[in-house]
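target_8.cif, holding mmCIF, C-alpha atoms:
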```cif
data_work
loop_
_atom_site.label_atom_id
_atom_site.label_comp_id
_atom_site.auth_asym_id
_atom_site.auth_seq_id
_atom_site.Cartn_x
_atom_site.Cartn_y
_atom_site.Cartn_z
CA MET K 7 -37.64 -100.03 -3.09
CA THR K 8 -35.24 -101.81 -0.73
CA PRO K 9 -35.40 -100.18 2.75
CA PRO K 10 -32.23 -98.22 3.67
CA GLY K 11 -29.69 -100.36 5.50
CA SER K 12 -31.45 -103.66 4.79
CA ARG K 13 -29.58 -106.67 3.37
CA LEU K 14 -30.89 -109.20 0.89
CA ASP K 15 -29.81 -112.85 0.68
CA LYS K 16 -27.94 -113.26 -2.58
CA TYR K 17 -29.08 -116.87 -2.72
CA ALA K 18 -32.58 -115.55 -3.44
CA THR K 19 -31.43 -113.64 -6.53
CA PRO K 20 -32.70 -114.82 -9.94
CA VAL K 21 -29.46 -116.59 -10.89
CA LEU K 22 -28.99 -118.42 -7.58
CA GLY K 23 -32.58 -118.81 -6.37
CA ASP K 24 -35.16 -121.52 -6.96
CA GLU K 25 -37.68 -119.56 -9.00
CA ASN K 26 -36.66 -121.25 -12.27
CA VAL K 27 -35.10 -124.69 -12.68
CA LEU K 28 -33.30 -123.55 -15.83
CA LYS K 29 -31.91 -120.02 -15.53
CA LEU K 30 -31.63 -118.01 -18.73
CA GLY K 31 -29.48 -114.98 -19.45
CA VAL K 32 -28.67 -112.69 -22.35
CA PHE K 33 -24.99 -112.48 -23.29
CA ALA K 34 -22.79 -109.73 -24.76
CA THR K 35 -25.26 -106.98 -25.67
CA ASN K 36 -22.82 -104.24 -24.67
CA LEU K 37 -20.65 -104.31 -27.79
CA ARG K 38 -21.00 -103.98 -31.53
CA GLY K 39 -21.50 -107.37 -33.13
CA GLY K 40 -22.19 -109.20 -29.88
CA VAL K 41 -20.63 -112.65 -30.27
CA THR K 42 -21.33 -113.17 -33.97
CA LEU K 43 -18.23 -112.42 -36.03
CA SER K 44 -20.28 -111.75 -39.13
CA ASP K 45 -21.23 -108.22 -40.17
CA ILE K 46 -24.85 -108.99 -41.05
CA GLU K 47 -28.12 -107.08 -41.04
CA GLY K 48 -29.66 -107.19 -37.57
CA ASN K 49 -26.37 -107.66 -35.73
CA LEU K 50 -25.78 -105.43 -32.70
CA LYS K 51 -24.83 -101.83 -33.44
CA GLY K 52 -23.35 -101.07 -30.03
CA ASN K 53 -25.48 -98.08 -29.05
CA TRP K 54 -27.26 -97.23 -25.81
CA ASP K 55 -30.86 -97.25 -27.06
CA GLU K 56 -30.33 -100.76 -28.41
CA THR K 57 -28.70 -102.25 -25.30
CA LEU K 58 -31.33 -100.67 -23.03
CA ARG K 59 -34.20 -101.92 -25.22
CA LEU K 60 -32.85 -105.48 -25.15
CA ALA K 61 -32.34 -105.45 -21.38
CA GLN K 62 -35.83 -104.12 -20.76
CA ARG K 63 -37.37 -106.72 -23.04
CA ALA K 64 -35.41 -109.52 -21.36
CA ASP K 65 -36.59 -108.12 -18.02
CA ARG K 66 -40.22 -108.08 -19.15
CA LEU K 67 -39.91 -111.69 -20.36
CA GLY K 68 -38.72 -112.76 -16.91
CA LEU K 69 -35.19 -113.71 -17.98
CA ASP K 70 -32.68 -113.89 -15.17
CA ALA K 71 -29.51 -112.04 -16.17
CA VAL K 72 -27.66 -109.85 -18.63
CA VAL K 73 -23.94 -110.61 -18.83
CA PRO K 74 -21.47 -108.40 -20.73
CA ILE K 75 -18.06 -108.89 -22.27
CA ALA K 76 -15.49 -106.31 -21.16
CA ARG K 77 -13.62 -105.10 -24.24
CA TRP K 78 -11.33 -102.15 -24.88
CA ARG K 79 -10.69 -102.54 -28.63
CA GLY K 80 -12.11 -104.43 -31.62
CA TYR K 81 -11.33 -107.93 -32.84
CA GLY K 82 -9.64 -106.77 -36.01
CA GLY K 83 -10.37 -108.12 -39.47
CA LYS K 84 -12.54 -106.43 -42.05
CA ALA K 85 -15.54 -105.88 -39.80
CA ASN K 86 -13.52 -105.15 -36.62
CA LEU K 87 -16.52 -106.14 -34.50
CA GLY K 88 -16.33 -105.18 -30.85
CA ASP K 89 -14.67 -101.85 -31.63
CA ARG K 90 -17.63 -100.12 -29.93
CA SER K 91 -18.32 -101.33 -26.41
CA PHE K 92 -19.67 -99.98 -23.12
CA GLU K 93 -17.65 -100.06 -19.90
CA THR K 94 -19.54 -102.55 -17.81
CA PHE K 95 -19.88 -100.98 -14.34
CA THR K 96 -21.44 -97.76 -15.62
CA TRP K 97 -23.38 -99.72 -18.26
CA ALA K 98 -24.83 -102.00 -15.57
CA ALA K 99 -25.81 -99.01 -13.42
CA GLY K 100 -27.75 -97.51 -16.33
CA LEU K 101 -29.57 -100.73 -17.12
CA LEU K 102 -30.39 -101.55 -13.51
CA ALA K 103 -31.87 -98.12 -12.94
CA GLN K 104 -34.38 -98.82 -15.72
CA THR K 105 -35.30 -102.47 -15.11
CA GLN K 106 -37.26 -104.24 -12.36
CA ARG K 107 -36.28 -107.87 -11.83
CA ILE K 108 -33.39 -108.97 -14.01
CA MET K 109 -29.82 -109.15 -12.71
CA VAL K 110 -27.10 -107.29 -14.59
CA PHE K 111 -23.45 -108.25 -14.24
CA SER K 112 -20.30 -106.19 -14.65
CA THR K 113 -17.20 -107.87 -16.06
CA CYS K 114 -13.98 -106.73 -14.43
CA HIS K 115 -10.44 -107.48 -15.61
CA VAL K 116 -8.45 -107.90 -12.39
CA PRO K 117 -5.34 -105.95 -13.51
CA LEU K 118 -7.41 -102.85 -14.33
CA ALA K 119 -9.15 -102.12 -11.02
CA HIS K 120 -7.79 -102.14 -7.48
CA PRO K 121 -10.15 -104.04 -5.14
CA VAL K 122 -10.87 -100.86 -3.15
CA MET K 123 -12.16 -99.20 -6.32
CA ALA K 124 -14.06 -102.32 -7.43
CA ALA K 125 -15.67 -102.66 -3.98
CA LYS K 126 -16.96 -99.10 -4.03
CA MET K 127 -18.20 -99.27 -7.63
CA GLY K 128 -19.88 -102.63 -7.05
CA ALA K 129 -21.62 -101.53 -3.87
CA THR K 130 -22.85 -98.39 -5.63
CA VAL K 131 -24.39 -100.35 -8.49
CA ASP K 132 -25.88 -102.88 -6.08
CA HIS K 133 -27.65 -100.06 -4.21
CA ILE K 134 -28.89 -98.50 -7.46
CA SER K 135 -30.48 -101.85 -8.34
CA GLY K 136 -31.80 -102.82 -4.93
CA GLY K 137 -29.52 -105.86 -4.92
CA ARG K 138 -29.67 -107.09 -8.53
CA TRP K 139 -26.03 -106.65 -9.52
CA GLY K 140 -23.39 -109.32 -10.03
CA LEU K 141 -19.65 -109.39 -10.74
CA ASN K 142 -17.89 -111.45 -13.41
CA ILE K 143 -14.19 -111.68 -12.51
CA VAL K 144 -11.74 -112.09 -15.40
CA ALA K 145 -8.12 -112.76 -14.48
CA GLY K 146 -6.96 -110.96 -17.64
CA TRP K 147 -6.17 -112.54 -20.99
CA ASN K 148 -5.83 -109.94 -23.78
CA ALA K 149 -2.25 -108.67 -23.90
CA SER K 150 -2.95 -105.95 -26.49
CA GLU K 151 -5.71 -104.48 -24.33
CA LEU K 152 -3.58 -104.56 -21.18
CA ALA K 153 -0.83 -102.79 -23.11
CA MET K 154 -3.19 -99.84 -23.56
CA PHE K 155 -3.00 -99.42 -19.77
CA GLY K 156 0.77 -99.80 -19.68
CA LEU K 157 0.50 -103.31 -18.25
CA THR K 158 2.24 -106.55 -19.20
CA GLN K 159 0.43 -109.87 -19.26
CA ARG K 160 1.34 -112.29 -16.46
CA GLU K 161 1.90 -116.00 -16.89
CA HIS K 162 -1.41 -117.87 -17.04
CA ASP K 163 -1.61 -119.56 -13.64
CA GLN K 164 -0.12 -116.56 -11.87
CA ARG K 165 -3.05 -114.48 -13.10
CA TYR K 166 -5.32 -116.65 -11.00
CA GLU K 167 -3.03 -116.30 -7.99
CA VAL K 168 -3.45 -112.54 -8.33
CA ALA K 169 -7.20 -112.92 -8.91
CA THR K 170 -7.52 -115.02 -5.75
CA GLU K 171 -5.92 -112.30 -3.61
CA TRP K 172 -7.98 -109.65 -5.42
CA ALA K 173 -11.23 -111.51 -4.69
CA GLU K 174 -10.28 -112.11 -1.06
CA ALA K 175 -9.51 -108.43 -0.55
CA LEU K 176 -12.74 -107.44 -2.30
CA LYS K 177 -14.86 -109.70 -0.08
CA GLN K 178 -13.09 -108.39 3.00
CA LEU K 179 -13.96 -104.81 2.03
CA TRP K 180 -17.57 -105.83 1.47
CA THR K 181 -18.01 -107.73 4.74
CA VAL K 182 -15.71 -106.35 7.45
CA GLU K 183 -16.90 -103.33 9.41
CA GLY K 184 -14.48 -100.48 9.95
CA GLU K 185 -10.89 -100.64 8.75
CA SER K 186 -8.92 -103.78 7.97
CA ASP K 187 -5.63 -104.67 6.30
CA TYR K 188 -5.07 -107.20 3.54
CA GLU K 189 -1.53 -108.25 2.70
CA GLY K 190 -0.83 -110.75 -0.02
CA GLN K 191 2.01 -111.41 -2.43
CA PHE K 192 0.37 -109.31 -5.15
CA ILE K 193 -2.42 -107.28 -3.48
CA GLU K 194 -2.02 -104.98 -0.52
CA VAL K 195 -4.71 -102.92 1.21
CA ARG K 196 -3.78 -100.75 4.19
CA ALA K 197 -6.58 -99.73 6.56
CA GLY K 198 -9.08 -100.74 3.92
CA PHE K 199 -12.54 -99.29 4.34
CA SER K 200 -15.64 -99.33 2.14
CA GLU K 201 -19.13 -98.06 2.93
CA PRO K 202 -21.90 -98.58 2.19
CA LYS K 203 -21.75 -102.34 2.13
CA PRO K 204 -23.58 -103.97 -0.80
CA VAL K 205 -27.31 -104.65 -0.52
CA GLN K 206 -26.74 -108.37 -1.11
CA GLY K 207 -25.44 -110.31 1.82
CA PRO K 208 -22.91 -111.48 2.57
CA TYR K 209 -21.72 -109.93 -0.72
CA PRO K 210 -22.97 -109.82 -4.34
CA VAL K 211 -23.10 -112.79 -6.69
CA ILE K 212 -19.67 -113.57 -8.13
CA MET K 213 -18.97 -115.53 -11.28
CA ASN K 214 -16.02 -116.31 -13.53
CA ALA K 215 -15.54 -118.02 -16.85
CA GLY K 216 -12.15 -119.68 -16.58
CA THR K 217 -12.29 -123.32 -17.64
CA SER K 218 -8.58 -124.15 -17.41
CA PRO K 219 -7.51 -126.10 -14.30
CA ALA K 220 -6.45 -122.83 -12.65
CA GLY K 221 -9.73 -121.18 -13.64
CA ARG K 222 -11.79 -124.01 -12.21
CA ALA K 223 -9.79 -123.99 -8.98
CA PHE K 224 -10.46 -120.26 -8.68
CA ALA K 225 -14.19 -120.84 -9.25
CA ALA K 226 -14.29 -123.61 -6.65
CA ALA K 227 -12.83 -121.27 -4.04
CA GLN K 228 -14.23 -117.86 -4.95
CA SER K 229 -17.26 -117.96 -7.28
CA ASP K 230 -20.96 -118.62 -6.86
CA LEU K 231 -21.27 -119.69 -10.47
CA ILE K 232 -18.98 -120.46 -13.37
CA PHE K 233 -19.46 -120.24 -17.11
CA ALA K 234 -18.14 -123.56 -18.33
CA GLY K 235 -16.51 -123.70 -21.75
CA LEU K 236 -18.73 -126.45 -23.12
CA THR K 237 -18.46 -127.06 -26.86
CA ASN K 238 -20.28 -130.37 -27.32
CA LEU K 239 -22.99 -132.39 -25.62
CA GLU K 240 -20.90 -135.55 -25.47
CA SER K 241 -18.51 -134.21 -22.84
CA ALA K 242 -20.81 -131.66 -21.16
CA ALA K 243 -22.24 -133.88 -18.41
CA GLU K 244 -18.81 -135.03 -17.25
CA GLN K 245 -17.41 -131.48 -17.32
CA VAL K 246 -20.30 -130.06 -15.31
CA ALA K 247 -20.13 -132.87 -12.76
CA ASP K 248 -16.37 -132.41 -12.36
CA ILE K 249 -16.74 -128.67 -11.74
CA LYS K 250 -19.38 -129.17 -9.06
CA ARG K 251 -17.49 -132.06 -7.48
CA GLN K 252 -14.27 -130.05 -7.26
CA ALA K 253 -16.00 -127.18 -5.42
CA ARG K 254 -17.78 -129.58 -3.07
CA GLU K 255 -14.84 -131.85 -2.27
CA GLU K 256 -11.99 -129.34 -2.20
CA ARG K 257 -13.80 -126.33 -0.77
CA GLY K 258 -17.03 -127.60 0.78
CA ARG K 259 -18.99 -125.25 -1.46
CA GLU K 260 -21.86 -125.62 -3.92
CA ILE K 261 -21.58 -123.63 -7.13
CA LYS K 262 -23.86 -123.19 -10.12
CA VAL K 263 -22.67 -124.03 -13.62
CA PHE K 264 -23.88 -122.06 -16.63
CA GLY K 265 -23.21 -122.73 -20.28
CA ARG K 266 -23.57 -120.54 -23.35
CA GLY K 267 -25.87 -121.21 -26.29
CA HIS K 268 -25.87 -119.48 -29.68
CA VAL K 269 -29.34 -119.78 -31.21
CA VAL K 270 -30.73 -119.88 -34.73
CA CYS K 271 -34.42 -120.83 -34.68
CA ARG K 272 -36.56 -121.22 -37.81
CA ASP K 273 -39.84 -122.85 -38.84
CA SER K 274 -37.97 -125.84 -40.31
CA GLU K 275 -34.73 -127.52 -39.36
CA ARG K 276 -33.55 -127.26 -42.97
CA GLN K 277 -34.01 -123.49 -42.98
CA ALA K 278 -32.37 -123.13 -39.57
CA ARG K 279 -29.26 -125.00 -40.68
CA ALA K 280 -29.13 -123.14 -43.99
CA ASP K 281 -29.30 -119.79 -42.21
CA TRP K 282 -26.70 -120.94 -39.66
CA ASP K 283 -24.29 -121.81 -42.49
CA MET K 284 -24.97 -118.57 -44.34
CA ILE K 285 -24.36 -116.38 -41.27
CA HIS K 286 -21.44 -118.25 -39.74
CA ARG K 287 -19.66 -119.47 -42.87
CA GLU K 288 -20.58 -117.59 -46.04
CA LEU K 289 -20.81 -114.11 -44.48
CA ALA K 290 -18.30 -114.64 -41.67
CA ASP K 291 -15.47 -112.29 -40.80
CA ARG K 292 -12.79 -114.96 -41.06
CA ASP K 293 -9.87 -112.56 -40.74
CA GLY K 294 -11.21 -111.24 -37.44
CA ALA K 295 -11.90 -114.77 -36.22
CA ILE K 296 -8.42 -116.03 -37.12
CA ALA K 297 -6.75 -113.07 -35.42
CA THR K 298 -8.85 -113.54 -32.29
CA VAL K 299 -8.31 -117.31 -32.12
CA LYS K 300 -4.54 -116.86 -32.36
CA MET K 301 -4.57 -114.10 -29.75
CA ASN K 302 -6.80 -116.15 -27.47
CA SER K 303 -4.71 -119.28 -27.77
CA ALA K 304 -1.56 -117.32 -26.95
CA ASN K 305 -3.08 -115.92 -23.76
CA SER K 306 -5.56 -118.54 -22.55
CA GLN K 307 -5.61 -122.25 -21.80
CA SER K 308 -9.37 -122.46 -22.31
CA THR K 309 -9.18 -122.47 -26.12
CA PRO K 310 -5.83 -123.99 -27.18
CA PHE K 311 -4.74 -123.34 -30.76
CA ASP K 312 -4.53 -126.50 -32.85
CA GLU K 313 -3.47 -126.23 -36.50
CA MET K 314 -5.18 -129.53 -37.27
CA LYS K 315 -8.50 -128.28 -35.89
CA MET K 316 -8.14 -124.67 -37.07
CA GLU K 317 -11.24 -124.61 -39.28
CA LYS K 318 -13.51 -125.92 -36.54
CA THR K 319 -11.97 -123.49 -34.06
CA ILE K 320 -12.54 -120.54 -36.43
CA GLU K 321 -16.18 -121.54 -36.89
CA GLY K 322 -16.58 -121.83 -33.12
CA MET K 323 -15.19 -118.32 -32.68
CA ILE K 324 -17.50 -116.86 -35.34
CA ALA K 325 -20.59 -118.57 -33.95
CA GLY K 326 -20.93 -117.22 -30.45
CA PHE K 327 -17.29 -117.27 -29.29
CA PHE K 328 -17.25 -121.02 -28.69
CA SER K 329 -20.86 -121.30 -27.55
CA LEU K 330 -22.87 -124.48 -27.95
CA PRO K 331 -24.85 -124.26 -31.22
CA VAL K 332 -28.62 -124.38 -30.59
CA VAL K 333 -30.17 -124.79 -34.03
CA GLY K 334 -33.55 -125.92 -35.32
CA THR K 335 -37.29 -125.47 -34.98
CA PRO K 336 -38.80 -124.07 -31.78
CA ASP K 337 -39.43 -127.60 -30.50
CA GLN K 338 -35.86 -128.62 -31.31
CA VAL K 339 -34.40 -125.52 -29.65
CA VAL K 340 -36.41 -126.21 -26.49
CA ASP K 341 -35.39 -129.88 -26.53
CA GLN K 342 -31.72 -128.87 -26.78
CA MET K 343 -32.07 -126.44 -23.87
CA LEU K 344 -33.77 -129.12 -21.77
CA ASP K 345 -31.04 -131.60 -22.71
CA LEU K 346 -28.45 -129.16 -21.36
CA GLN K 347 -30.41 -128.80 -18.15
CA ARG K 348 -30.65 -132.59 -17.78
CA LEU K 349 -26.87 -132.80 -18.23
CA GLY K 350 -26.46 -130.72 -15.10
CA LEU K 351 -26.38 -127.12 -16.28
CA ASP K 352 -28.13 -124.68 -13.99
CA GLY K 353 -28.43 -121.97 -16.62
CA ILE K 354 -27.66 -120.86 -20.17
CA ALA K 355 -26.50 -117.45 -21.36
CA LEU K 356 -28.02 -116.96 -24.81
CA SER K 357 -26.88 -115.08 -27.87
CA TRP K 358 -28.32 -114.70 -31.37
CA PRO K 359 -27.13 -113.22 -34.65
CA ASP K 360 -30.15 -110.87 -34.31
CA TYR K 361 -31.05 -110.25 -30.66
CA ASP K 362 -34.39 -108.53 -31.37
CA GLU K 363 -35.48 -111.51 -33.43
CA GLY K 364 -34.15 -113.90 -30.79
CA LEU K 365 -36.02 -112.27 -27.91
CA GLN K 366 -39.21 -112.17 -29.95
CA GLN K 367 -38.85 -115.90 -30.57
CA MET K 368 -38.22 -116.42 -26.85
CA GLU K 369 -41.43 -114.60 -25.99
CA GLU K 370 -43.67 -116.21 -28.58
CA LEU K 371 -42.18 -119.66 -29.16
CA ILE K 372 -39.54 -120.76 -26.65
CA LEU K 373 -40.53 -119.61 -23.17
CA PRO K 374 -44.12 -120.94 -23.37
CA ARG K 375 -42.70 -124.37 -24.23
CA LEU K 376 -40.17 -124.21 -21.38
CA VAL K 377 -42.98 -123.27 -18.97
CA GLU K 378 -45.03 -126.21 -20.22
CA ALA K 379 -42.02 -128.49 -19.68
CA GLY K 380 -41.66 -127.27 -16.09
CA ALA K 381 -38.23 -125.68 -16.59
CA ARG K 382 -39.50 -122.11 -16.20
CA ARG K 383 -42.30 -120.46 -14.26
CA PRO K 384 -44.81 -118.14 -15.94
CA VAL K 385 -43.82 -114.49 -15.82
CA GLU K 386 -45.41 -112.67 -12.91
CA GLU K 387 -44.79 -109.47 -11.00
CA PRO K 388 -41.31 -109.65 -9.44
CA ALA K 389 -41.51 -111.47 -6.12
CA TRP K 390 -38.14 -110.08 -5.23
CA PRO K 391 -37.41 -106.52 -4.01
CA THR K 392 -36.65 -104.03 -6.76
CA ALA K 393 -35.08 -100.64 -6.87
#
```
Now that the file is in, can you turn its structure into structure tokens?
Amino acid sequence: MTPPGSRLDKYATPVLGDENVLKLGVFATNLRGGVTLSDIEGNLKGNWDETLRLAQRADRLGLDAVVPIARWRGYGGKANLGDRSFETFTWAAGLLAQTQRIMVFSTCHVPLAHPVMAAKMGATVDHISGGRWGLNIVAGWNASELAMFGLTQREHDQRYEVATEWAEALKQLWTVEGESDYEGQFIEVRAGFSEPKPVQGPYPVIMNAGTSPAGRAFAAAQSDLIFAGLTNLESAAEQVADIKRQAREERGREIKVFGRGHVVCRDSERQARADWDMIHRELADRDGAIATVKMNSANSQSTPFDEMKMEKTIEGMIAGFFSLPVVGTPDQVVDQMLDLQRLGLDGIALSWPDYDEGLQQMEELILPRLVEAGARRPVEEPAWPTA
């Protein structure tokens, strides 16, 4: 238990610390279907027992983070995956109260929470966890979801202007003692006050996933880590280097870069590729994928809609929401993960068509190989304070 009033250095947390060379997280376990737009046996059901079981197993395996997607409605199509989802602040609090080491993030859409509210909720969850909570800031991209709140989508780059003021006000509430004002063009806080301060100092780990120029500029200024939208190995090294260079040269800051990997692991490469095709092509929810790709392209610069590349874009949406495909035997999967690390990635958030199967493979086949390769340390009792 963290002593009352004590502060922990966020740079010692699992996702920012030096315990593992290659950080590993679990992605999108808070909603039905996860990030596989294919209504198959073994796909996530979107219930509490399931999401808690997966978080506790990831915790026991020594994985570093659980990162959710914040959703308010389904993706449409026949399967309408994502129609069941957990709100991510309360979800994170529940998971953190029943785990020991792993970090759990909340994903917050900037237009939906005033920074005073977000500061109080975040500090609360950070205290519940003993300092294992992180915040994923999303500037806001889904117009139909915002409409449920009576809000209208802003122009793309202006969303990041708002998010910048929001993040500045949030950090001020987390770090300044007593009352303080914040006055920006979009965000205003009068006599702002928030106690208790978070357990992590100077404030909790912050990430974002914007890979447009505006999103990267926001990350360089405000985030500790960024999820880069990497879709192929050929361009990954240059993208990662550019992100880190921008933060260092423009802001004098060092940030971590994480990617996302969608995994199908089998005894043979032939079987792995056959199962990949069956899940993500033959059984895919194409209607849901098409609707989501069009919606995404209308509201985001990270995944531009291109009629000429529509089929490839649809497949990318179905298979992990534009994650890097990690397909093959256990040795091949490990080699691909190590290749990503050599290209400059600090971590990978993983997803699977079947998360129970994927975590079992991690325990029995993947993690021992990563330990042998020196990318991960053997699982031990948490060396870091726990709630």
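As for CA of Gln245 in chain K and CA of Ala226 in chain K, they are spaced 13.6 Å apart.
Residues selected in this file by the PyMOL selection byres ((chain K and resi 259) around 10) comprise Ala226, Ala227, Gln228, Ser229, Asp230, Lys250, Arg251, Gln252, Ala253, Arg254, Glu255, Glu256, Arg257, Gly258, Glu260 and Ile261 of chain K.
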Residues from last step as file, C-alpha atoms, as an mmCIF file, in the frame of the given file:
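Dumped everything to result.cif:
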```
data_model
loop_
_atom_site.group_PDB
_atom_site.id
_atom_site.type_symbol
_atom_site.label_atom_id
_atom_site.label_comp_id
_atom_site.auth_asym_id
_atom_site.auth_seq_id
_atom_site.Cartn_x
_atom_site.Cartn_y
_atom_site.Cartn_z
ATOM 1 C CA ALA K 226 -14.290 -123.610 -6.650
ATOM 2 C CA ALA K 227 -12.830 -121.270 -4.040
ATOM 3 C CA GLN K 228 -14.230 -117.860 -4.950
ATOM 4 C CA SER K 229 -17.260 -117.960 -7.280
ATOM 5 C CA ASP K 230 -20.960 -118.620 -6.860
ATOM 6 C CA LYS K 250 -19.380 -129.170 -9.060
ATOM 7 C CA ARG K 251 -17.490 -132.060 -7.480
ATOM 8 C CA GLN K 252 -14.270 -130.050 -7.260
ATOM 9 C CA ALA K 253 -16.000 -127.180 -5.420
ATOM 10 C CA ARG K 254 -17.780 -129.580 -3.070
ATOM 11 C CA GLU K 255 -14.840 -131.850 -2.270
ATOM 12 C CA GLU K 256 -11.990 -129.340 -2.200
ATOM 13 C CA ARG K 257 -13.800 -126.330 -0.770
ATOM 14 C CA GLY K 258 -17.030 -127.600 0.780
ATOM 15 C CA GLU K 260 -21.860 -125.620 -3.920
ATOM 16 C CA ILE K 261 -21.580 -123.630 -7.130
#
```
(message) When you look at Met213 in chain K with a cut-off of 8 Å (counting only C-alpha atoms), what residues show up, excluding the ones that are within fewer than 3 positions of it in the same chain? I need them as a ChimeraX atom specification.
(response) /K:140-143,225,229-233
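Interatomic distance, CA of Val211 in chain K against CA of Pro74 in chain K: 14.8 Å.
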(request) Measuring atom to atom with all atoms listed in the file, identify which of K:Glu161, K:Asp291, K:Glu167, K:Asp248 is nearest to Leu351 in chain K. (result) K:Asp248
(request) Write out as a PyMOL selection string each polymer residue whose atoms come within 6 Å of range 36-39 of chain K, counting all atoms listed in the file; drop sequence neighbours fewer than 3 positions from it. (result) chain K and resi 42+49-52+74+87-88+90-92
(request) Identify, on the basis of all atoms listed in the file, every residue whose closest approach to Ala98 in chain K does not exceed 8 Å; exclude the query and any residue fewer than 4 positions from it along the same chain; express the result as a ChimeraX atom specification. (result) /K:94,102,110-112,131,139
(request) Apply the PyMOL selection byres ((chain K and resi 333) around 12) to the structure shown and report the selected residues as a ChimeraX atom specification. (result) /K:267-283,325,329-332,334-343,357-359
(message) Under the rule that all atoms listed in the file are counted, which of K:Ile46, K:Thr105, K:Ala234, K:Gly83 is the nearest residue to Arg66 in chain K?
(response)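 So, comparing all the options, the nearest one is K:Thr105.
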(request) Have a look at K:Arg63, K:Arg266, K:Arg375, K:Arg138 and name the one nearest to Gly326 in chain K; count all atoms listed in the file. (result) K:Arg266
(message) I'd like to know which of K:Ile193, K:Ile249, K:Val263, K:Ala124 is closest to Leu22 in chain K, using only C-alpha atoms.
(response)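 Selected residue with least distance to Leu22 in chain K: K:Val263.
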Scan for residues within 10 Å of the point (-26.7, -115.1, -1.5) in the coordinates of the file, using all atoms listed in the file, and reply as an mmCIF file with C-alpha atoms, in the frame of the given file.
```
data_model
loop_
_atom_site.group_PDB
_atom_site.id
_atom_site.type_symbol
_atom_site.label_atom_id
_atom_site.label_comp_id
_atom_site.auth_asym_id
_atom_site.auth_seq_id
_atom_site.Cartn_x
_atom_site.Cartn_y
_atom_site.Cartn_z
ATOM 1 C CA LEU K 14 -30.890 -109.200 0.890
ATOM 2 C CA ASP K 15 -29.810 -112.850 0.680
ATOM 3 C CA LYS K 16 -27.940 -113.260 -2.580
ATOM 4 C CA TYR K 17 -29.080 -116.870 -2.720
ATOM 5 C CA ALA K 18 -32.580 -115.550 -3.440
ATOM 6 C CA THR K 19 -31.430 -113.640 -6.530
ATOM 7 C CA VAL K 21 -29.460 -116.590 -10.890
ATOM 8 C CA LEU K 22 -28.990 -118.420 -7.580
ATOM 9 C CA GLY K 23 -32.580 -118.810 -6.370
ATOM 10 C CA GLN K 206 -26.740 -108.370 -1.110
ATOM 11 C CA GLY K 207 -25.440 -110.310 1.820
ATOM 12 C CA PRO K 208 -22.910 -111.480 2.570
ATOM 13 C CA TYR K 209 -21.720 -109.930 -0.720
ATOM 14 C CA PRO K 210 -22.970 -109.820 -4.340
ATOM 15 C CA VAL K 211 -23.100 -112.790 -6.690
ATOM 16 C CA ILE K 212 -19.670 -113.570 -8.130
ATOM 17 C CA ASP K 230 -20.960 -118.620 -6.860
#
```
(request) Would you work out the distance separating CA of Ala145 in chain K from CA of Glu93 in chain K, expressed in Å to one decimal? (result)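 It comes out at 16.8 Å.
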(message) On this structure, the PyMOL selection byres ((chain K and resi 101) around 9) would catch which residues? List them as a PyMOL selection string, sorted by chain and number.
(response) chain K and resi 57-58+61-62+96-100+102-105+110+135
(request) Skip Tyr166 in chain K itself and residues of its chain fewer than 4 positions away, then list as a list in words all residues within 7 Å of it, counting all atoms listed in the file. (result) Ala145, Thr170, Ala220, Gly221 and Phe224 of chain K
